[in-house]
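Visitor: Structure incoming, see below.
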Amino acid sequence: MASPRFILKTELTGLEPVAVGGVSVLDADARLRALLGPERAALFAEPVVTWGNGRNTGSVSWYAVAGGDPVPLAALAPQRRAAVEQNLAAELAALAPLMSDPLLRGALVLAGPESILAVDERPLIAGWGLAPAGALRDPSSRLAHLRAVYGAALPPALAAEGPAVAEA
């Protein structure tokens with residue numbers, strides 16, 4: 001199997017890590033991958049986190065096995081974008097039986113729409129486990145953020161009201 005390669009870097013300025021049980025979802029990457037299994041975990045880029053230290057805000061470098069160059073969904077031609085969005089919806093639907101797990105729900109909070117990438121026709125999520133500052137302050141803000149990120153691909157279980165996804 002091919003080795004993961006660098007995909008992109010997310011600066012943490014203006015972003016808050018999503019936490020579940022007091023632990024950053026990003027720091028629980030190995031647990032997330034064990035929960036999902038190798039095939040489903042391939043949807044999520046692997047994070048290498050450099051936390052801020054007061055002077056520096058920190059960043060996350062994202063790695064994934066990818067033959068082609070990742071392209072944000074918004075930059076795709078409409079027909080290709082529709083195909084990748086359909087594949088994303090199928091990938092997210094396959095996660096439905098696990099959607100009650102707080103770790104998965106926290107990981108599915110993304111920094112923004114640019115966090116959903118296409119590698120060939122396959123979706124890849126980077127920027128996961130991060131939210132814009134204040135986006136998770138209440139259920140309506142959380143839902144508005146998730147809708148803005150996922151659009152029609154938003155999993156119903158993720159949109160459902162209930163306990164907060166995570167403590168930001």
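Simple scheme: letters A, B, ... for chains in structure tokens order, numbers from 1 for residues in each chain, numbers from 1 for ligands in the order shown.
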Can you pull out every residue within 9 Å of Gly52 (chain A), counting only C-alpha atoms, but drop anything in the same chain fewer than 6 positions away, and send it as an MDAnalysis selection string?

Guide: chainID A and resid 12 58:59

Visitor: Can you pull out every residue within 10 Å of Gly14 (chain A), counting only C-alpha atoms, but drop anything in the same chain fewer than 4 positions away, and send it as a list in words?

Guide: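 Contacts, in chain order: Thr57, Ala111, Leu130, Ala131, Pro132, Ala133 and Gly134 of chain A.
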
Visitor: Only all heavy atoms, please: the residues just picked out, written as a PDB file, in the first residue's frame.

Guide:
```pdb
ATOM      1  N   THR A  57       0.187  30.389  16.665  1.00  0.00           N
ATOM      2  CA  THR A  57      -1.167  29.848  16.789  1.00  0.00           C
ATOM      3  C   THR A  57      -1.239  28.350  16.559  1.00  0.00           C
ATOM      4  O   THR A  57      -2.184  27.711  16.976  1.00  0.00           O
ATOM      5  CB  THR A  57      -2.132  30.534  15.808  1.00  0.00           C
ATOM      6  OG1 THR A  57      -1.642  30.351  14.491  1.00  0.00           O
ATOM      7  CG2 THR A  57      -2.282  32.003  16.138  1.00  0.00           C
ATOM      8  N   ALA A 111     -13.517  22.628   9.597  1.00  0.00           N
ATOM      9  CA  ALA A 111     -13.121  24.037   9.659  1.00  0.00           C
ATOM     10  C   ALA A 111     -13.926  24.888   8.685  1.00  0.00           C
ATOM     11  O   ALA A 111     -14.221  26.045   8.959  1.00  0.00           O
ATOM     12  CB  ALA A 111     -11.628  24.168   9.366  1.00  0.00           C
ATOM     13  N   LEU A 130     -12.163  20.580  13.741  1.00  0.00           N
ATOM     14  CA  LEU A 130     -11.908  21.998  13.945  1.00  0.00           C
ATOM     15  C   LEU A 130     -13.156  22.785  13.574  1.00  0.00           C
ATOM     16  O   LEU A 130     -13.868  22.413  12.642  1.00  0.00           O
ATOM     17  CB  LEU A 130     -10.748  22.474  13.058  1.00  0.00           C
ATOM     18  CG  LEU A 130      -9.385  21.865  13.328  1.00  0.00           C
ATOM     19  CD1 LEU A 130      -8.413  22.204  12.197  1.00  0.00           C
ATOM     20  CD2 LEU A 130      -8.843  22.342  14.667  1.00  0.00           C
ATOM     21  N   ALA A 131     -13.399  23.851  14.294  1.00  0.00           N
ATOM     22  CA  ALA A 131     -14.556  24.707  13.999  1.00  0.00           C
ATOM     23  C   ALA A 131     -14.129  26.168  14.084  1.00  0.00           C
ATOM     24  O   ALA A 131     -13.267  26.520  14.884  1.00  0.00           O
ATOM     25  CB  ALA A 131     -15.680  24.447  14.999  1.00  0.00           C
ATOM     26  N   PRO A 132     -14.736  27.017  13.252  1.00  0.00           N
ATOM     27  CA  PRO A 132     -14.477  28.447  13.417  1.00  0.00           C
ATOM     28  C   PRO A 132     -14.877  28.879  14.828  1.00  0.00           C
ATOM     29  O   PRO A 132     -15.841  28.348  15.395  1.00  0.00           O
ATOM     30  CB  PRO A 132     -15.392  29.092  12.371  1.00  0.00           C
ATOM     31  CG  PRO A 132     -15.643  28.018  11.366  1.00  0.00           C
ATOM     32  CD  PRO A 132     -15.644  26.735  12.154  1.00  0.00           C
ATOM     33  N   ALA A 133     -14.147  29.817  15.385  1.00  0.00           N
ATOM     34  CA  ALA A 133     -14.442  30.295  16.735  1.00  0.00           C
ATOM     35  C   ALA A 133     -15.915  30.685  16.840  1.00  0.00           C
ATOM     36  O   ALA A 133     -16.431  31.409  15.992  1.00  0.00           O
ATOM     37  CB  ALA A 133     -13.547  31.480  17.077  1.00  0.00           C
ATOM     38  N   GLY A 134     -16.599  30.159  17.831  1.00  0.00           N
ATOM     39  CA  GLY A 134     -17.994  30.482  18.088  1.00  0.00           C
ATOM     40  C   GLY A 134     -19.003  29.656  17.312  1.00  0.00           C
ATOM     41  O   GLY A 134     -20.201  29.741  17.584  1.00  0.00           O
TER      42      GLY A 134
END
```

Visitor: Tell me which of A:Leu103, A:Leu73, A:Ala2, A:Leu108 sits closest to Asp29 (chain A), counting only C-alpha atoms.

Guide: A:Leu103

Visitor: Determine, counting only C-alpha atoms, which protein, DNA and RNA residues have an atom within 10 Å of an atom of Tyr63 (chain A); residues of the same chain fewer than 2 positions away are not included. Present the result as a ChimeraX atom specification.

Guide: /A:3-9,44-48,60-61,65-66,126

Visitor: Quick one: DSSP strand (DSSP E or B) residues in region 6-48 of chain A, as a list of chain:residue names?

Guide: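 Of region 6-48 of chain A, only A:Phe6, A:Ile7, A:Leu8, A:Lys9, A:Thr10, A:Glu11, A:Leu15, A:Glu16, A:Pro17, A:Ala19, A:Val20, A:Val23, A:Ser24, A:Phe44, A:Glu46, A:Pro47, A:Val48 fall in strand (DSSP E or B).
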
Visitor: Pick from A:Ala96, A:Val109, A:Leu124, A:Ala160: nearest to Val25 (chain A), with only C-alpha atoms counted?

Guide: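 Closest residue, counting only C-alpha atoms: A:Val109.
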
Visitor: What is the CA of Ala34 (chain A)-CA of Glu16 (chain A) distance in Å, reported with one decimal?

Guide: 24.1 Å

Visitor: Just to confirm, what's the straight-line distance from CA of Ser24 (chain A) to CA of Gly106 (chain A) in Å (one decimal)?

Guide: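 Interatomic distance, CA of Ser24 (chain A) to CA of Gly106 (chain A): 9.0 Å.
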
Visitor: Using DSSP secondary structure from the backbone, list all alpha helix (DSSP H) positions within chain A, as a ChimeraX atom specification.

Guide: /A:29-41,78-94,102-107,139-150,156-159

Visitor: Choose the residue, out of A:Leu110, A:Met99, A:Leu43, A:Ala118, that has the smallest atom-to-atom separation from Ala74 (chain A); count only C-alpha atoms.

Guide: A:Ala118

Visitor: Which of these, A:Glu39, A:Ala153, A:Glu114, A:Gly68, has the shortest distance to Asn87 (chain A) once you count only C-alpha atoms?

Guide: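 Closest residue, counting only C-alpha atoms: A:Ala153.
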
Visitor: Using only C-alpha atoms, which of A:Leu32, A:Leu92, A:Ala144, A:Ala107 sits nearest Ala157 (chain A)?

Guide: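 Of A:Leu32, A:Leu92, A:Ala144, A:Ala107, the one nearest Ala157 (chain A) is A:Leu92, counting only C-alpha atoms.
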
Visitor: Measure the distance from CA of Ser115 (chain A) to CA of Ser100 (chain A) in Å and round it to one decimal.

Guide: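 Computing it gives 22.3 Å between the two atoms.
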
Visitor: Return the single residue from A:Val71, A:Ala64, A:Ala148, A:Ala82 that is closest to Ala41 (chain A), with distances computed using only C-alpha atoms.

Guide: A:Ala64
